[in-house]
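**Q** My questions all concern the structure below.
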Amino acid sequence: MKTNKLGGAVMVLLLSAAISLFSCSDDEDPIVITDPVWVTDAENLKDIAGFYVLNQGNFGNNNCTFDRFVYRSGAYENNVFLHANPSAVMGLGDTGNDVHVFDGKLYVAVNGSNLVTVADVYTARKIADIDVPNCRYFANDGRYVYVSSYVGQAGADPTDRHGVVMRIDPRTCTVTDTCEVGYQPEQMAVAEGKLYVANSGGYRAMYGGDYDNTVSVIDLSTFTLKCTIEVAVNLFGMQYDSRRNQIFVSSQGNYMDIPSTISIIDPVTDRVKGVIDEACTNMAVCGNSLYMYCTEWNYVANSYTNTFAIYDIDRNEIVSDKFITDGTDSEIQCPYGISINPENGDIVISDARDYVSPGRVYCYNSQGVRRWMAVTGVIPSAIAFIPGK
Amino acid sequence: MYNQSFHPSWVLYAFMSVCLWSLQVGISGVCAQEVGMTDSVYAIPEVSVLSDRAKDIVPAQSLTGERLQSLNSFSVADAIRYFSGVQIKDYGGVGGLKTVDIRSMGTHHMGVFYDGIQLGNAQNGQIDLGRFSLDNIEEISLYNGQKSGIFQPARDYGSSGTVYLRSRRPKFDEGKDFNLKATFRTGSFGLVNPSLLWEQRLSDDVSLSVNAEYTAADGKYRFRYRKVFADGSVAWDTTATRQNGDVHALRLEGGLSGRIYDGYWNARLYFYDSEKGIPGAIVNNVWKRSQRQWDRNFFSQGTFRKSFGGYDFMVNAKFAHDYMHYLNPDTTQFYIDNRFWQNEVYVSLANHYAITQDWDVALSADWQYNWLDASLVDFVNPHRTTLLVATASTYTIGRFRAMASMLGTYVDDSRRMSRYTPAFFLSYKPLAGRHTDELSIRAFYKKIFRLPTFNDLYYTDVGNINLRPEYTIQYDLGMQYTRPFSSRWLSRIDAKVDVYYNNVTDKIIAVPKGNGQYRWMMMNLGEVRIYGVDLNVNAQWQFSPSLALGIGAAYTYQKAQDYSDPSDNHPKVGTYRGQIAYIPWHNGSLTANLIYGYWGLNYSFSYVGERYHTSANTPENYEKPWYTHDMGITRSFTVGNMRLKGALEINNLLDRQYEVVLNYPMPGRNYKVKLTLEM
């Protein structure tokens, strides 16, 4: 009898647990809206309203986002695209690579989604999606927007595939022409009616071939390849210096015996006119200063060494090996993007930290003293300034 | 010399305790039917007498026989989720990768043994338990720490947690020389799954078993993504079909097993050949992937075991060859067409000696050689020699039992290293008299590590040859209450609870590598601390000779915090002390099994609570809870000397849309029909 009671009690307990489990319902998946964070005092600039920071997100996580800082309010807003386009199916997409502002529009290269997403630069409302497989970086010549892509026509060997540059008509948001370039094209710059494309050959090196070592030069009047310039292996960054009409292109080296360097191309002669023997992960030009940072892993200390240097373009030398002057550079774990506000000289640096958790963006004044910082999405990288209205 | 084991009464006692023990072990069977299945002359050779004396101090959680078959589970991974303390990482679908994480220490710390010998993967350390169908599996057991018996190969001491898969052993009814079993499964996802088992008695002591299984599925299923605004109105809602999840697999197994005087032996061949699509993550504008994978696994293994009074020895040997071909033909991505060949040779000798009736000692030595070849450029063709030596002892004083073991690991690959790792187990039965076996209190401590995989060490660009082993330290305290009743109603109750603390140090994680874009490197930089509670309750009722009910419930609480980077301590987005990726605070399961004559009704529920997909516990990284209800109904028939069984299964009854892994949607409601013929 006692056993019967115990058995009954246990059964009632377990069955009622089962029933309560059956009736629980929590199927809704709400959109996460986050409030802007005031990170600094409001300020009015004449030409610059603010900037966008692209967060690449992780491959396969579909968590590419972009954030926006607005000088007039001093507010930093995460997840701007989601807030402006909550009904966009699957959001912005997977693994962003670049943001670019041109003629009232924001262009986002969403690499893992094979899309260039075009949005209004002020409202961030989506205007169009353009299919661009494995899209990388943007440039514009005042008329068109150009986007580099790893995906050109393949030959018989599927690993032997050149990259292309696609020309986007900003009025129709369509690709109007394509020009084949080198292997795995990255950043680009426009000078003298020509588009300069840094070819890395990163994939080709992983197949066991050589890194590419060329810059492809496209004549923009015909959108055809004009010539290729041999520069250095594994080219990546490109910056146009309008004061001296020259192009800086960075080589990442081969991560082994060939070190990273910066080469200077003369767009009049299309020749390399100089090499700066400084390791450079990323760079930005402002006036006569080339800001650059370099990240190196120290096997002994099990940590990074980040250097933040300024190269004086006129004097052809490094004038500062520490453009962050307030000692806060040690807080930057993995710098991943740099841009200089052309109006007030603010230095904006994104920090990808561990590539997995939320990153940071730091704003320094032109003297290298930190003004503010903000928490970003995952892997903040490219930064694009928003012109004032 | 100590030879009491030959005394008839001792044999009888040991036989009884084996039966009792097999009942005690975890979620065991429901009714007399099942006991009938395991109770046969062949299943309990005399040598079990001795194995009982070296038996586990902390019993396993296990699923056997009918109970295992009634769980609507297709693969071993589907069944393991009903254990407490485990998380299944399930990428969805029939062919999808499924790995097991025990007590949040990471999938690499889980050892998986097939018929007593560990399945290895020196390349990436990953054992896909979705690959092992339940067709030929008779028992799945899960041990925390290690199997706390001492008569075992040294490799059994070498993991933080262990799953033992035991394939069906031939058993013949009186006057029968063969068994034939044919099974056919079909249902959702275009599943076609025939299998055939033939068991032949070759002599009184030797039997043969041959098993073939073919699995084909298109892997297609509908899934739905839906987002709502805070007010509940729909922001967007989309439905699509899962693509590229097809699988074609053939499994062939053959085994010979035999009895000898005071011992047994077996030899087994295993062959698995599959081609499958890798469905990949669903992201914006990419609804279909094109990656494919071919696997061909072969192994041959054998065991020989014999007793000489108080001394037992066991030899195990294995050769495994695994071929894997991965193709990424997606023109928008990095083209990959890689082939890997890995091999393993393994030999083990285990010895056990009973010094007195209360004191046992054991010594085991295993030698293992692994090598890997790949079609990659500049591949280093890694190889590794591992020597494992384990010594262990158990001692019983009254109602106390204690076990201590020490494992020495000597590795020679690019470098040489040696490590010594101990484990201690203790159990106490506080009740005296006839209730002694009802209540036990147990505790264990174990320190062990996992070696860096060949990928961790050598993978192009990412690998780091300076990696050290990744350590886990476990402390566990638990108790178990088991009581069979002779009355007709509640026939048995079993409840256990464990609290534990684990510490994972030198955890191998991928970290950014400077000097270039998005480059990674493997480093020993992680640390995780895990506080957990596992709870299990099982009860059985025998209402009448033909009506029986079994209910099992499992619950796990885990606080698994990331202590890797103390500087990453931002109050909202910091990873420091954040709950680690994909570990829910709460998860649990409930299973019920009702048998009425030839009818069977099964129900199972599994729940995984809220969690985050990284240890930055932000709203963006939040993963909502999910749960599924599965139902099944079975009917048995007897036609002449044939036994037929039909089963209809409905899984995810409420058509719940959920994900275990971010952007890998799981199937909604799905069906399966299973027909079995035995003669």
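Identifiers in this document derive from the order of the structure tokens: chains are assigned A, B, ..., residues are numbered from 1 separately in each chain, and ligands are numbered from 1 in order of occurrence.
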Find the residues around Thr303 in chain B up to 12 Å (only C-alpha atoms counted), leave out those fewer than 3 positions away in its own chain, and share them as a count of residues only.

**A** 30

**Q** List the neighbours of Ser221 in chain A out to 9 Å using only C-alpha atoms; skip same-chain residues closer than 3 positions along the sequence, and give me the result as a PyMOL selection string.

**A** chain A and resi 193-194+218+224

**Q** Please save C-alpha atoms of the selected residues as an mmCIF file, in the first residue's frame.

**A**
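Writing done, so here's part_34.cif:
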data_model
loop_
_atom_site.group_PDB
_atom_site.id
_atom_site.type_symbol
_atom_site.label_atom_id
_atom_site.label_comp_id
_atom_site.auth_asym_id
_atom_site.auth_seq_id
_atom_site.Cartn_x
_atom_site.Cartn_y
_atom_site.Cartn_z
ATOM 1 C CA GLY A 193 41.424 59.130 -64.832
ATOM 2 C CA LYS A 194 42.638 55.695 -63.884
ATOM 3 C CA ILE A 218 42.196 50.474 -65.461
ATOM 4 C CA THR A 224 39.596 48.445 -69.832
#

**Q** For the contact check between chain B and chain A, emit one row per residue of chain B within 8 Å, containing the shortest atom pair and the distance in Å rounded to one decimal, counting only C-alpha atoms, chain then rising number order, as a Markdown table.

**A**
| residue | atom | partner | partner_atom | distance |
| --- | --- | --- | --- | --- |
| B:Arg226 | CA | A:Asp29 | CA | 6.8 |
| B:Lys227 | CA | A:Asp29 | CA | 5.2 |
| B:Val228 | CA | A:Pro30 | CA | 4.7 |
| B:Phe229 | CA | A:Pro30 | CA | 5.6 |
| B:Ala230 | CA | A:Pro30 | CA | 6.2 |
| B:Gly232 | CA | A:Pro30 | CA | 7.7 |
| B:Ala235 | CA | A:Ser87 | CA | 4.7 |
| B:Trp236 | CA | A:Ser87 | CA | 5.2 |
| B:Asp237 | CA | A:Val89 | CA | 7.4 |
| B:Thr238 | CA | A:Val89 | CA | 7.4 |
| B:Gly280 | CA | A:Gly60 | CA | 7.9 |
| B:Ala281 | CA | A:Gly60 | CA | 5.3 |
| B:Ile282 | CA | A:Gly60 | CA | 7.3 |
| B:Val283 | CA | A:Asn62 | CA | 5.2 |
| B:Asn284 | CA | A:Gly93 | CA | 4.6 |
| B:Asn285 | CA | A:Ser113 | CA | 5.3 |
| B:Val286 | CA | A:Ser113 | CA | 6.1 |
| B:Thr331 | CA | A:Val151 | CA | 7.1 |
| B:Thr332 | CA | A:Pro133 | CA | 5.4 |
| B:Gln333 | CA | A:Asn134 | CA | 6.8 |
| B:Phe334 | CA | A:Tyr203 | CA | 6.6 |
| B:Tyr335 | CA | A:Thr159 | CA | 6.3 |
| B:Val377 | CA | A:Gly208 | CA | 5.6 |
| B:Asp378 | CA | A:Gly208 | CA | 7.6 |
| B:Phe485 | CA | A:Thr3 | CA | 7.7 |
| B:Ser487 | CA | A:Thr3 | CA | 7.2 |
| B:Trp489 | CA | A:Asn4 | CA | 5.8 |
| B:Leu490 | CA | A:Gly7 | CA | 4.8 |
| B:Val511 | CA | A:Asp354 | CA | 6.0 |
| B:Pro512 | CA | A:Asp354 | CA | 6.0 |
| B:Lys513 | CA | A:Trp297 | CA | 6.3 |
| B:Gly514 | CA | A:Thr295 | CA | 4.7 |
| B:Asn515 | CA | A:Thr295 | CA | 5.0 |
| B:Gly516 | CA | A:Thr281 | CA | 5.8 |
| B:Gln517 | CA | A:Tyr336 | CA | 7.9 |
| B:Ala539 | CA | A:Val10 | CA | 7.8 |
| B:Trp541 | CA | A:Gly7 | CA | 7.5 |
| B:Ile551 | CA | A:Leu14 | CA | 7.5 |
| B:Ala553 | CA | A:Leu14 | CA | 7.7 |
| B:Val573 | CA | A:Pro358 | CA | 6.4 |
| B:Gly574 | CA | A:Ser357 | CA | 7.7 |
| B:Thr575 | CA | A:Ser357 | CA | 7.1 |
| B:Leu590 | CA | A:Ala18 | CA | 7.2 |
| B:Phe605 | CA | A:Ala18 | CA | 7.9 |
| B:Thr614 | CA | A:Ser357 | CA | 7.0 |
| B:Ser615 | CA | A:Ser357 | CA | 7.4 |
| B:Ala616 | CA | A:Ser357 | CA | 5.6 |
| B:Pro619 | CA | A:Val32 | CA | 6.7 |
| B:Glu620 | CA | A:Val32 | CA | 6.8 |
| B:Lys624 | CA | A:Asp29 | CA | 7.6 |
| B:Pro625 | CA | A:Asp26 | CA | 7.7 |
| B:His629 | CA | A:Phe22 | CA | 7.8 |
| B:Arg656 | CA | A:Asp27 | CA | 7.7 |
| B:Gln657 | CA | A:Asp27 | CA | 7.8 |
| B:Leu662 | CA | A:Asn61 | CA | 6.6 |
| B:Asn663 | CA | A:Asn61 | CA | 6.6 |

**Q** Using only C-alpha atoms, which protein or nucleic acid residues come within 7 Å of Val319 in chain A? Drop anything in the same chain fewer than 4 positions from it, and give the result as a ChimeraX atom specification.

**A** /A:310-312

**Q** With C-alpha atoms kept, could you save the residues just selected as a compact mmCIF listing (two decimals), in the first residue's frame?

**A**
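Result went into again_34.txt, see below:
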# COMPACT_ATOMS: atom_id res chain seq x y z
CA ILE A 310 53.22 58.74 -38.72
CA TYR A 311 55.23 59.01 -41.87
CA ASP A 312 55.84 62.56 -43.04

**Q** Using only C-alpha atoms for the distances, tell me which of A:Val175, A:Met256, A:Ala75, A:Val378 is nearest to Glu43 in chain A.

**A**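 Once distances to Glu43 in chain A are computed over only C-alpha atoms, the minimum belongs to A:Ala75.
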
**Q** Can you tell me how far CA of Lys181 in chain B sits from CA of Glu649 in chain B, in Å to one decimal?

**A**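 A separation of 20.1 Å between them.
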
**Q** Could you tell me which of A:Tyr107, A:Phe66, A:Phe81, A:Tyr211 comes closest to Val361 in chain A if we count only C-alpha atoms?

**A**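 Between A:Tyr107, A:Phe66, A:Phe81, A:Tyr211, the residue approaching Val361 in chain A most closely is A:Phe66.
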
**Q** Excluding range 240-244 of chain A and any residue of its chain fewer than 3 positions from it, enumerate the residues within 10 Å of it, using only C-alpha atoms, and give them as JSON, numbers by chain.

**A** {"A": [188, 189, 190, 191, 196, 247, 248, 249, 264, 265, 266, 267, 284, 285, 286, 287, 288, 289, 290, 313, 314]}
